[in-house]
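Asker: final_0.csv is reproduced below (CSV, C-alpha atoms).
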chain,number,residue,atom,x,y,z
K,22,MET,CA,-193.9,3.6,38.2
K,23,LEU,CA,-195.9,1.8,40.9
K,24,HIS,CA,-193.7,0.6,43.8
K,25,ILE,CA,-196.2,-1.6,45.7
K,26,GLY,CA,-194.0,-4.6,45.6
K,27,GLY,CA,-191.0,-2.6,46.8
K,28,THR,CA,-193.0,-1.2,49.8
K,29,PHE,CA,-194.2,-4.7,50.9
K,30,THR,CA,-190.6,-6.0,50.5
K,31,ALA,CA,-189.3,-3.3,52.8
K,32,LEU,CA,-192.0,-4.1,55.4
K,33,ILE,CA,-191.0,-7.8,55.3
K,34,ILE,CA,-187.4,-6.9,55.8
K,35,ALA,CA,-188.4,-4.7,58.7
K,36,VAL,CA,-190.3,-7.6,60.3
K,37,ILE,CA,-187.4,-10.0,59.9
K,38,PHE,CA,-185.1,-7.4,61.4
K,39,MET,CA,-187.5,-7.0,64.4
K,40,LEU,CA,-187.7,-10.8,64.9
K,41,PHE,CA,-184.1,-11.8,64.5
K,42,LEU,CA,-181.9,-8.8,65.0
K,43,ASN,CA,-183.3,-5.9,67.1
K,44,GLY,CA,-186.9,-5.6,68.1
K,45,ASP,CA,-186.9,-1.9,68.9
K,46,ILE,CA,-185.3,-0.9,65.6
K,47,GLY,CA,-187.4,-3.3,63.7
K,48,TRP,CA,-190.7,-1.9,65.2
K,49,ALA,CA,-189.4,1.6,64.4
K,50,LEU,CA,-188.8,0.7,60.8
K,51,ILE,CA,-192.3,-0.9,60.5
K,52,TYR,CA,-193.9,2.3,62.0
K,53,ILE,CA,-192.0,4.5,59.6
K,54,LEU,CA,-192.7,2.5,56.5
K,55,GLY,CA,-196.4,1.9,57.4
K,56,GLY,CA,-197.0,5.5,58.4
K,57,THR,CA,-195.3,6.8,55.2
K,58,ALA,CA,-197.6,4.5,53.1
K,59,VAL,CA,-200.7,5.6,55.0
K,60,ILE,CA,-199.9,9.3,54.8
K,61,SER,CA,-198.9,9.1,51.1
K,62,ALA,CA,-202.2,7.3,50.2
K,63,ALA,CA,-204.3,9.7,52.2
K,64,LEU,CA,-202.7,12.8,50.6
K,65,PHE,CA,-203.2,11.2,47.2
K,66,LEU,CA,-206.9,10.4,47.7
K,67,PHE,CA,-207.6,13.9,49.0
K,68,SER,CA,-205.5,15.8,46.5
K,69,ARG,CA,-206.8,14.1,43.3
K,70,ARG,CA,-210.2,15.8,43.9
K,71,HIS,CA,-208.6,19.3,43.8
K,72,ILE,CA,-206.8,19.4,40.6
K,73,SER,CA,-207.8,20.9,37.2
K,74,VAL,CA,-206.1,20.3,33.9
K,75,GLN,CA,-206.8,22.4,30.8
K,76,LEU,CA,-205.4,22.3,27.3
K,77,THR,CA,-205.0,25.9,25.8
K,78,GLU,CA,-206.7,26.6,22.5
K,79,LEU,CA,-204.4,27.2,19.5
K,80,SER,CA,-205.0,29.8,16.8
K,81,GLY,CA,-203.5,31.1,13.5
K,82,THR,CA,-201.8,29.1,10.7
K,83,VAL,CA,-198.4,27.5,10.3
K,84,GLU,CA,-196.3,26.0,7.4
K,85,CYS,CA,-196.3,22.3,7.1
K,86,GLY,CA,-193.3,20.7,8.9
K,87,ARG,CA,-192.9,23.5,11.4
K,88,LYS,CA,-193.0,23.0,15.2
K,89,VAL,CA,-196.1,24.0,17.1
K,90,TYR,CA,-196.0,24.8,20.8
K,91,PHE,CA,-199.0,24.2,23.0
K,92,THR,CA,-199.6,24.8,26.7
K,93,ILE,CA,-201.3,22.7,29.4
K,94,SER,CA,-202.4,24.5,32.6
K,95,LEU,CA,-202.6,22.7,35.9
K,96,ARG,CA,-204.4,24.4,38.8
K,97,LYS,CA,-205.3,23.6,42.4
K,98,THR,CA,-209.0,24.0,43.3
K,99,GLY,CA,-208.3,23.3,46.9
K,100,PHE,CA,-205.7,21.6,49.1
K,101,CYS,CA,-203.5,19.6,46.7
K,102,VAL,CA,-200.1,18.0,47.0
K,103,MET,CA,-199.5,16.0,43.8
K,104,PRO,CA,-195.8,15.1,43.4
K,105,PHE,CA,-196.0,13.1,40.1
K,106,ILE,CA,-198.3,13.8,37.2
K,107,GLU,CA,-198.1,12.3,33.7
K,108,LEU,CA,-200.0,13.9,30.9
K,109,CYS,CA,-200.9,11.9,27.8
K,110,VAL,CA,-201.2,13.8,24.5
K,111,ASN,CA,-202.0,12.5,21.1
K,112,VAL,CA,-200.7,14.6,18.2
K,113,GLY,CA,-201.8,12.5,15.2
K,114,ALA,CA,-202.8,9.0,14.1
K,115,ASP,CA,-199.4,8.2,12.9
K,116,SER,CA,-197.4,9.5,15.8
K,117,LEU,CA,-196.7,8.0,19.2
K,118,PRO,CA,-198.5,9.7,22.2
K,119,LEU,CA,-196.5,12.3,24.0
K,120,ARG,CA,-195.8,11.6,27.7
K,121,ILE,CA,-195.2,14.8,29.7
K,122,ARG,CA,-194.2,14.4,33.3
K,123,THR,CA,-194.6,17.2,35.9
K,124,SER,CA,-195.7,17.9,39.5
K,125,LEU,CA,-198.0,20.2,41.4
K,126,ILE,CA,-196.6,20.7,44.9
K,127,PHE,CA,-195.7,24.3,45.4
K,128,GLY,CA,-197.8,27.2,44.0
K,129,LYS,CA,-201.5,27.3,42.9
K,130,GLU,CA,-200.9,26.6,39.2
K,131,LYS,CA,-198.4,25.4,36.7
K,132,HIS,CA,-198.1,25.8,32.9
K,133,VAL,CA,-196.4,23.1,31.0
K,134,THR,CA,-195.3,23.9,27.4
K,135,ALA,CA,-194.5,21.1,24.9
K,136,SER,CA,-194.3,20.9,21.1
K,137,PHE,CA,-194.9,18.7,18.1
K,138,ARG,CA,-194.1,18.9,14.4
K,139,THR,CA,-196.9,19.3,11.9
K,140,THR,CA,-197.2,16.4,9.5
K,141,HIS,CA,-199.8,17.3,7.0
K,142,SER,CA,-201.9,20.2,5.5
K,143,GLY,CA,-205.2,21.1,7.0
K,144,LEU,CA,-206.3,20.9,10.6
K,145,ASN,CA,-203.8,19.0,12.8
K,146,ARG,CA,-205.5,17.8,16.0
K,147,ILE,CA,-204.0,17.8,19.4
K,148,GLU,CA,-205.8,15.7,22.0
K,149,LEU,CA,-205.2,15.7,25.8
K,150,THR,CA,-206.6,12.2,26.6
K,151,GLU,CA,-205.8,11.8,30.3
K,152,ALA,CA,-203.7,12.8,33.3
K,153,VAL,CA,-202.2,9.9,35.4
K,154,LEU,CA,-201.6,10.8,39.0
K,155,TYR,CA,-199.1,9.1,41.4
K,156,ASP,CA,-198.5,9.5,45.2
K,157,PHE,CA,-195.2,10.1,46.8
K,158,ILE,CA,-194.0,6.5,47.2
K,159,GLY,CA,-195.7,5.1,44.1
K,160,MET,CA,-198.2,2.9,45.8
K,161,ALA,CA,-201.3,4.6,44.4
K,162,ARG,CA,-202.3,5.7,40.9
K,163,GLY,CA,-205.3,7.4,39.5
K,164,ARG,CA,-206.5,8.5,36.1
K,165,LEU,CA,-208.3,11.7,35.1
K,166,LYS,CA,-210.1,11.1,31.8
K,167,LEU,CA,-210.0,14.5,30.0
K,168,GLY,CA,-210.8,14.2,26.3
K,169,GLN,CA,-209.8,17.8,25.6
K,170,SER,CA,-208.6,18.7,22.1
K,171,THR,CA,-207.6,21.7,20.0
K,172,GLN,CA,-206.5,22.1,16.4
K,173,LYS,CA,-203.8,23.9,14.5
K,174,ALA,CA,-204.4,25.0,10.9
K,175,VAL,CA,-201.5,24.0,8.6
K,176,LEU,CA,-201.2,25.8,5.2
K,177,PRO,CA,-201.0,23.6,2.0
K,178,ARG,CA,-197.5,22.8,0.9
K,179,ILE,CA,-196.1,24.5,-2.1
K,180,ILE,CA,-195.6,21.6,-4.6
K,181,GLU,CA,-195.5,21.1,-8.3
K,182,TYR,CA,-198.8,20.0,-9.9
K,183,ASP,CA,-198.4,16.6,-11.5
K,184,GLY,CA,-201.9,15.8,-12.7
K,185,PRO,CA,-203.7,16.1,-16.0
K,186,GLU,CA,-203.2,19.3,-17.9
K,187,ILE,CA,-206.2,21.7,-17.4
K,188,LEU,CA,-206.5,25.0,-19.3
K,189,PRO,CA,-207.9,27.9,-17.4
K,190,ASN,CA,-211.5,28.7,-18.3
K,191,MET,CA,-211.1,32.4,-19.1
K,192,LEU,CA,-213.5,32.8,-22.0
K,193,PRO,CA,-216.3,35.2,-21.3
K,194,SER,CA,-219.9,33.9,-21.6
K,195,GLU,CA,-221.5,34.5,-25.0
K,196,GLU,CA,-224.2,36.7,-23.5
K,197,GLU,CA,-221.9,39.2,-21.9
K,198,GLU,CA,-219.3,41.7,-23.1
K,199,VAL,CA,-215.8,41.7,-21.7
K,200,GLU,CA,-215.3,44.4,-19.1
K,201,GLU,CA,-211.9,45.3,-17.7
K,202,GLY,CA,-211.7,44.9,-13.9
K,203,VAL,CA,-209.1,45.7,-11.4
K,204,THR,CA,-205.7,44.3,-12.2
K,205,VAL,CA,-204.4,41.4,-10.0
K,206,MET,CA,-201.1,43.0,-9.0
K,207,ASN,CA,-201.1,45.3,-6.0
K,208,GLY,CA,-204.3,47.0,-6.9
K,209,GLY,CA,-203.0,48.8,-10.0
K,210,MET,CA,-205.0,50.5,-12.8
K,211,PRO,CA,-207.0,48.3,-15.2
K,212,GLY,CA,-204.8,46.8,-17.9
K,213,TYR,CA,-201.5,47.9,-16.4
K,214,GLU,CA,-200.3,44.4,-15.3
K,215,HIS,CA,-199.4,41.9,-18.0
K,216,ARG,CA,-197.6,38.6,-18.6
K,217,GLU,CA,-196.5,36.7,-21.6
K,218,TYR,CA,-199.2,34.7,-23.6
K,219,VAL,CA,-199.4,31.0,-22.9
K,220,PRO,CA,-201.6,28.5,-24.8
K,221,GLY,CA,-205.1,28.5,-23.5
K,222,ASP,CA,-205.3,32.3,-22.9
K,223,SER,CA,-208.3,34.1,-24.3
K,224,PRO,CA,-207.4,36.2,-27.4
K,225,ARG,CA,-209.6,38.9,-26.0
K,226,ARG,CA,-207.1,39.5,-23.2
K,227,VAL,CA,-204.2,40.1,-25.6
K,228,ASN,CA,-202.8,43.7,-25.5
K,229,TYR,CA,-201.8,44.1,-29.1
K,230,LYS,CA,-200.2,47.5,-28.7
K,231,LEU,CA,-197.9,46.3,-26.0
K,232,SER,CA,-197.3,43.1,-27.8
K,233,ALA,CA,-196.1,45.0,-30.9
K,234,LYS,CA,-193.6,47.0,-28.7
K,235,LYS,CA,-192.2,43.8,-27.0
K,236,SER,CA,-192.4,41.6,-30.2
K,237,LYS,CA,-194.3,39.0,-28.3
K,238,LEU,CA,-197.8,38.5,-27.2
K,239,MET,CA,-198.7,40.0,-23.8
K,240,VAL,CA,-201.9,39.2,-21.9
K,241,ARG,CA,-203.8,41.5,-19.5
K,242,LEU,CA,-204.0,40.2,-15.9
K,243,ASP,CA,-207.4,41.7,-15.3
K,244,GLU,CA,-210.7,40.1,-14.3
K,245,SER,CA,-213.7,39.7,-16.6
K,246,GLN,CA,-217.1,39.8,-15.1
K,247,GLY,CA,-218.3,37.3,-17.7
K,248,SER,CA,-215.5,34.8,-17.2
K,249,LYS,CA,-216.2,31.3,-16.0
K,250,SER,CA,-214.3,29.6,-13.3
K,251,THR,CA,-212.4,26.3,-13.5
K,252,ASN,CA,-214.0,24.2,-10.8
K,253,LEU,CA,-212.0,21.8,-8.6
K,254,CYS,CA,-213.5,19.4,-6.0
K,255,ILE,CA,-211.7,17.9,-3.0
K,256,ALA,CA,-213.8,14.8,-2.2
K,257,ASP,CA,-215.1,14.0,1.3
K,258,ASN,CA,-212.7,11.0,1.4
K,259,ALA,CA,-209.7,13.1,0.3
K,260,MET,CA,-206.4,12.8,2.3
K,261,PRO,CA,-204.4,15.9,3.1
K,262,ILE,CA,-202.2,15.4,0.0
K,263,CYS,CA,-205.2,16.2,-2.1
K,264,CYS,CA,-205.3,19.7,-0.5
K,265,ASP,CA,-201.7,20.2,-1.6
K,266,LYS,CA,-202.4,19.1,-5.2
K,267,ALA,CA,-205.6,21.1,-5.5
K,268,PHE,CA,-203.8,24.2,-4.4
K,269,ALA,CA,-201.0,23.5,-6.8
K,270,LEU,CA,-203.4,23.3,-9.7
K,271,ALA,CA,-205.3,26.4,-8.5
K,272,SER,CA,-202.0,28.4,-8.3
K,273,ARG,CA,-201.1,27.4,-11.8
K,274,LEU,CA,-204.4,28.4,-13.3
K,275,VAL,CA,-204.6,31.7,-11.4
K,276,MET,CA,-201.0,32.6,-12.5
K,277,ARG,CA,-202.2,32.0,-16.1
K,278,GLY,CA,-205.0,34.5,-15.7
K,279,GLY,CA,-207.8,32.1,-14.9
K,280,THR,CA,-210.5,32.0,-12.1
K,281,VAL,CA,-210.6,28.9,-9.9
K,282,LYS,CA,-213.2,27.6,-7.5
K,283,ILE,CA,-212.6,24.8,-5.0
K,284,PHE,CA,-215.4,22.8,-3.5
K,285,HIS,CA,-215.0,20.8,-0.3
K,286,LYS,CA,-217.7,19.3,2.0
K,287,GLY,CA,-220.5,21.7,1.0
K,288,ASP,CA,-218.3,24.8,1.1
K,289,GLU,CA,-216.5,26.6,-1.6
K,290,ARG,CA,-213.9,29.3,-2.2
K,291,SER,CA,-212.8,31.0,-5.4
K,292,ALA,CA,-209.6,32.8,-6.4
K,293,SER,CA,-208.5,34.9,-9.4
K,294,THR,CA,-205.7,37.0,-8.1
K,295,PRO,CA,-202.6,36.4,-6.0
K,296,GLU,CA,-204.4,38.1,-3.0
K,297,THR,CA,-207.5,35.9,-3.3
K,298,LEU,CA,-205.2,32.9,-3.8
K,299,ASP,CA,-203.5,33.5,-0.5
K,300,ARG,CA,-207.0,33.7,1.2
K,301,MET,CA,-207.9,30.4,-0.5
K,302,ARG,CA,-204.7,28.8,0.9
K,303,GLU,CA,-205.7,29.9,4.4
K,304,TRP,CA,-209.2,28.6,3.8
K,305,LEU,CA,-207.8,25.2,2.9
K,306,ALA,CA,-205.6,25.2,6.0
K,307,PHE,CA,-208.8,25.3,8.2
K,308,ARG,CA,-210.4,22.3,6.4
K,309,GLU,CA,-210.5,18.8,7.9
K,310,TYR,CA,-209.5,16.0,5.6
K,311,ALA,CA,-209.9,12.2,5.9
K,312,ASP,CA,-207.4,10.1,7.8
K,313,ASN,CA,-208.4,6.8,6.2
K,314,PRO,CA,-207.6,6.2,2.5
K,315,ASN,CA,-210.3,3.6,2.2
K,316,GLN,CA,-213.1,5.9,3.3
K,317,ALA,CA,-215.9,6.1,0.8
K,318,MET,CA,-216.9,9.2,-1.1
K,319,VAL,CA,-220.0,10.7,0.5
K,320,ALA,CA,-221.3,13.4,-1.7
K,321,PRO,CA,-220.9,13.6,-5.5
K,322,PRO,CA,-218.9,16.5,-7.0
K,323,PRO,CA,-220.7,19.4,-8.7
K,324,SER,CA,-221.8,18.7,-12.3
K,325,ASP,CA,-219.5,21.3,-13.8
K,326,THR,CA,-216.3,20.1,-12.0
K,327,SER,CA,-213.2,19.8,-14.1
K,328,VAL,CA,-211.1,17.7,-11.6
K,329,VAL,CA,-211.8,15.7,-8.5
K,330,PHE,CA,-209.1,15.1,-5.9
K,331,ALA,CA,-210.1,12.0,-3.9
K,332,SER,CA,-208.7,9.4,-1.4
K,333,GLY,CA,-204.9,9.4,-1.2
K,334,GLY,CA,-204.2,11.8,-3.9
K,335,ILE,CA,-206.0,10.2,-6.8
K,336,ILE,CA,-207.0,12.8,-9.5
K,337,THR,CA,-210.1,12.1,-11.5
K,338,GLN,CA,-210.4,14.3,-14.7
K,339,LEU,CA,-214.0,14.9,-15.4
K,340,SER,CA,-213.7,17.4,-18.2
K,341,VAL,CA,-211.0,19.4,-19.9
K,342,ILE,CA,-211.9,23.0,-20.7
Show me this structure written as C-alpha cells.

Answerer:
Amino acid sequence: MLHIGGTFTALIIAVIFMLFLNGDIGWALIYILGGTAVISAALFLFSRRHISVQLTELSGTVECGRKVYFTISLRKTGFCVMPFIELCVNVGADSLPLRIRTSLIFGKEKHVTASFRTTHSGLNRIELTEAVLYDFIGMARGRLKLGQSTQKAVLPRIIEYDGPEILPNMLPSEEEEVEEGVTVMNGGMPGYEHREYVPGDSPRRVNYKLSAKKSKLMVRLDESQGSKSTNLCIADNAMPICCDKAFALASRLVMRGGTVKIFHKGDERSASTPETLDRMREWLAFREYADNPNQAMVAPPPSDTSVVFASGGIITQLSVI
C-alpha cells in the first residue's frame, strides 16, 4: 500500500515539466506535491500517538462450526486523523490471519465487527496482533504491536463413540446399601423414571414389578450413593477431537444409568444425569486442549482410570469394568 515510488515519480515529472515545458506550472506542481507529502507525513506522525485499539472480550458458549462475531473498538485519545488502518487478527493456527481495513477520520471512536467460524471444541482463541497505520498518500506506515486476545468456548460436538466398549460402573460398594436417590428425569419422584435393561446394568436397579407388567426388564434411573464412577481422562497432550470422543463415551454411559467422571489437567467433573451431563459439556467447552499432536503427555492419568484420550484422538483402554 506504500506509494513512495509513485510520489517520487510524480515529483520527477513535475521537475521535467518545469525545465522543458512551463516553469511556473512546473514549480506549482512541485510545491503541491511536496507540500502534500509533508502535511501527510506530519499528520501521520502526530496522529499515531493518539489512537487506542481494543479487542472486546467474548463470553458464553457456541456450537462447533457456528459463526462467532467479535468487535474491535478504535478510539481517539487526542487529535487524530488516520485515513487508513489495517487490523491483523489471528483466529486459529490452521486459518489465515484476517485483514480488516477501516479508518478513523470523523468521530471520536469507531467499532468494527467481524466474524470467524469455530473449527474445534474447547476454547477457540482470537488474537489481535497488530494495527498497521498509513498516511493519506501512502508514504508512511507504522505498526502498533497489540498482542490482545480473547477466547470463545465451543461445546463438544455430538458424535458417535467409536472406541473400546466400556460398561458403566454402577455396582454399589460392598460396604454400603443401595439407597434410592432423585431420579434423573426432570426431578421426578424416586423410582418413577425407567428405561429398558441393557447388558452391564446392575441387577439391583431392576424394577421387577414394572418389568412383569411390560414383559421386559426395566431399570430404575436413580442414583445410588454407593455407586462408583467410570473414570475417563483427557490427557494433557489431547487434541480437541479427544474432547468430543470423551463426551460421546460419557453420554453413552450416563444414558445407561452410570456415573462418569472426566479428568483433565488437574481438574475434574462428574455426571450421572442428563442435567449434570449438560453441565459437563459446558465445562469441557471452557477447557484448553493441545494444538500439537506430537506434544508429550505431562501428567499420568489417575490410577483408577478406565480410558485415556490422548494426542490426536488415540484411545488407550486401561481397564474394563

Asker: Could you list, as a list in words, every residue within 8 Å of K:Arg308, counting all atoms listed in the file and ignoring same-chain residues fewer than 6 positions away?

Answerer: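 Those residues are Gly143, Leu144 and Ala174 of chain K.
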
Asker: Give me the residues within 9 Å of stretch 262-276 of chain K as an MDAnalysis selection string, counting all atoms listed in the file and dropping any in the same chain fewer than 3 places off.

Answerer: chainID K and resid 141:143 176:184 187:190 242 251 253:256 259 279:283 292:295 298 301:302 305:306 308 310 328:336

Asker: Could you jot down the atom CA of K:Thr337 to atom CA of K:Ala311 separation for me, Å, one decimal place?

Answerer: 17.4 Å

Asker: What does the distance from atom CA of K:Leu76 to atom CA of K:Gln169 come to in Å, to one decimal?

Answerer: 6.5 Å

Asker: Give the answer as one residue: which of K:Val175, K:His285, K:Glu309, K:Arg216 has the shortest atom-to-atom distance to K:Glu84, using only C-alpha atoms?

Answerer: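 Nearest candidate to K:Glu84 out of K:Val175, K:His285, K:Glu309, K:Arg216: K:Val175.
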
Asker: Would you work out the distance separating atom CA of K:Pro261 from atom CA of K:Lys173, expressed in Å to one decimal?

Answerer: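 A separation of 13.9 Å between them.
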
Asker: Find the residues near K:Gly287: any atom within 10 Å, counting only C-alpha atoms, skip ones fewer than 3 places away on the same chain, and give them as a PyMOL selection string.

Answerer: chain K and resi 257+284+320+322-323

Asker: With a distance cut-off of 10 Å and all atoms listed in the file, select the neighbouring residues of K:Val102, excluding the residue or stretch itself and same-chain residues fewer than 2 positions from it, and output the selection as a list in words.

Answerer: Ser61, Leu64, Phe65, Phe67, Ser68, Arg69, His71, Ile72, Lys97, Gly99, Phe100, Pro104, Phe105, Ser124, Leu125, Ile126, Phe127, Gly128, Asp156 and Phe157 of chain K

Asker: Here is a test: counting only C-alpha atoms, which residue of K:Met103, K:Ile158, K:Ile93, K:Met318 is nearest to K:Gly56?

Answerer: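 Checking each of K:Met103, K:Ile158, K:Ile93, K:Met318 against K:Gly56, counting only C-alpha atoms, the winner is K:Ile158.
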
Asker: Between K:Arg290, K:Ala135, K:Thr140, K:Val319, which one has atoms that come closest to K:Val83, using all atoms listed in the file?

Answerer: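 Of K:Arg290, K:Ala135, K:Thr140, K:Val319, the one nearest K:Val83, counting all atoms listed in the file, is K:Thr140.
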
Asker: Around (-201.6, 12.9, 26.0) in the file's frame, which residues reach within 7 Å when counting all atoms listed in the file? Return as a list in words?

Answerer: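 Protein, DNA and RNA residues close to (-201.6, 12.9, 26.0): Leu108, Cys109, Val110, Asn111, Pro118, Leu119, Arg120, Glu148, Leu149, Thr150 and Glu151 of chain K.
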
Asker: Filtering to C-alpha atoms, could you give me those residues as a PDB file, keeping the file's coordinate frame?

Answerer:
ATOM      1  CA  LEU K 108    -200.000  13.900  30.900  1.00  0.00           C
ATOM      2  CA  CYS K 109    -200.900  11.900  27.800  1.00  0.00           C
ATOM      3  CA  VAL K 110    -201.200  13.800  24.500  1.00  0.00           C
ATOM      4  CA  ASN K 111    -202.000  12.500  21.100  1.00  0.00           C
ATOM      5  CA  PRO K 118    -198.500   9.700  22.200  1.00  0.00           C
ATOM      6  CA  LEU K 119    -196.500  12.300  24.000  1.00  0.00           C
ATOM      7  CA  ARG K 120    -195.800  11.600  27.700  1.00  0.00           C
ATOM      8  CA  GLU K 148    -205.800  15.700  22.000  1.00  0.00           C
ATOM      9  CA  LEU K 149    -205.200  15.700  25.800  1.00  0.00           C
ATOM     10  CA  THR K 150    -206.600  12.200  26.600  1.00  0.00           C
ATOM     11  CA  GLU K 151    -205.800  11.800  30.300  1.00  0.00           C
TER      12      GLU K 151
END

Asker: Which of these, K:Met160, K:Arg138, K:Leu42, K:Leu79, has the shortest distance to K:Leu66 once you count all atoms listed in the file?

Answerer: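 Nearest candidate to K:Leu66 out of K:Met160, K:Arg138, K:Leu42, K:Leu79: K:Met160.
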
Asker: For a cut-off of 9 Å around (-208.4, 25.9, 23.5), file coordinates, pick out all residues using all atoms listed in the file and list them as a PyMOL selection string.

Answerer: chain K and resi 75-80+169-172

Asker: Show which residues sit within 9 Å of K:Ser73, as JSON, numbers by chain. Count only C-alpha atoms, and ignore same-chain residues fewer than 4 positions away.

Answerer: {"K": [94, 95, 96, 97, 98]}

Asker: Restricting the calculation to all atoms listed in the file, which member of K:Asp45, K:Cys101, K:Leu165, K:Glu303 is positioned closest to K:Lys129?

Answerer: K:Cys101

Asker: When distances are computed from all atoms listed in the file, which of K:Ile46, K:Ser236, K:Asn315, K:Thr82 shows the smallest separation from K:Arg300?

Answerer: K:Thr82

Asker: Output as an mmCIF file, in the coordinates of the input: stretch 305-317 of chain K, completed with N, CA, C and O atoms.

Answerer:
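Okay, this is what ended up in result-v5.cif:
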data_model
loop_
_atom_site.group_PDB
_atom_site.id
_atom_site.type_symbol
_atom_site.label_atom_id
_atom_site.label_comp_id
_atom_site.auth_asym_id
_atom_site.auth_seq_id
_atom_site.Cartn_x
_atom_site.Cartn_y
_atom_site.Cartn_z
ATOM 1 N N LEU K 305 -208.079 26.627 2.932
ATOM 2 C CA LEU K 305 -207.800 25.200 2.900
ATOM 3 C C LEU K 305 -207.089 24.713 4.136
ATOM 4 O O LEU K 305 -207.250 23.551 4.522
ATOM 5 N N ALA K 306 -206.327 25.596 4.797
ATOM 6 C CA ALA K 306 -205.600 25.200 6.000
ATOM 7 C C ALA K 306 -206.617 24.878 7.146
ATOM 8 O O ALA K 306 -206.323 24.062 8.024
ATOM 9 N N PHE K 307 -207.788 25.497 7.134
ATOM 10 C CA PHE K 307 -208.800 25.300 8.200
ATOM 11 C C PHE K 307 -209.792 24.204 7.823
ATOM 12 O O PHE K 307 -210.807 24.056 8.492
ATOM 13 N N ARG K 308 -209.509 23.433 6.786
ATOM 14 C CA ARG K 308 -210.400 22.300 6.400
ATOM 15 C C ARG K 308 -209.892 21.033 7.056
ATOM 16 O O ARG K 308 -208.693 20.849 7.288
ATOM 17 N N GLU K 309 -210.816 20.131 7.320
ATOM 18 C CA GLU K 309 -210.500 18.800 7.900
ATOM 19 C C GLU K 309 -210.602 17.755 6.862
ATOM 20 O O GLU K 309 -211.664 17.601 6.247
ATOM 21 N N TYR K 310 -209.536 17.001 6.668
ATOM 22 C CA TYR K 310 -209.500 16.000 5.600
ATOM 23 C C TYR K 310 -209.536 14.587 6.238
ATOM 24 O O TYR K 310 -209.375 14.415 7.443
ATOM 25 N N ALA K 311 -209.737 13.597 5.380
ATOM 26 C CA ALA K 311 -209.900 12.200 5.900
ATOM 27 C C ALA K 311 -208.553 11.678 6.339
ATOM 28 O O ALA K 311 -207.490 12.085 5.871
ATOM 29 N N ASP K 312 -208.614 10.742 7.301
ATOM 30 C CA ASP K 312 -207.400 10.100 7.800
ATOM 31 C C ASP K 312 -207.379 8.603 7.404
ATOM 32 O O ASP K 312 -206.502 7.869 7.829
ATOM 33 N N ASN K 313 -208.360 8.185 6.613
ATOM 34 C CA ASN K 313 -208.400 6.800 6.200
ATOM 35 C C ASN K 313 -208.551 6.766 4.653
ATOM 36 O O ASN K 313 -209.551 7.224 4.093
ATOM 37 N N PRO K 314 -207.545 6.227 3.936
ATOM 38 C CA PRO K 314 -207.600 6.200 2.500
ATOM 39 C C PRO K 314 -208.698 5.376 1.891
ATOM 40 O O PRO K 314 -209.041 5.518 0.721
ATOM 41 N N ASN K 315 -209.278 4.473 2.688
ATOM 42 C CA ASN K 315 -210.300 3.600 2.200
ATOM 43 C C ASN K 315 -211.736 4.136 2.470
ATOM 44 O O ASN K 315 -212.722 3.469 2.195
ATOM 45 N N GLN K 316 -211.812 5.353 3.019
ATOM 46 C CA GLN K 316 -213.100 5.900 3.300
ATOM 47 C C GLN K 316 -213.861 6.202 2.004
ATOM 48 O O GLN K 316 -213.301 6.683 1.026
ATOM 49 N N ALA K 317 -215.137 5.900 1.988
ATOM 50 C CA ALA K 317 -215.900 6.100 0.800
ATOM 51 C C ALA K 317 -216.278 7.528 0.552
ATOM 52 O O ALA K 317 -216.402 8.310 1.489
#
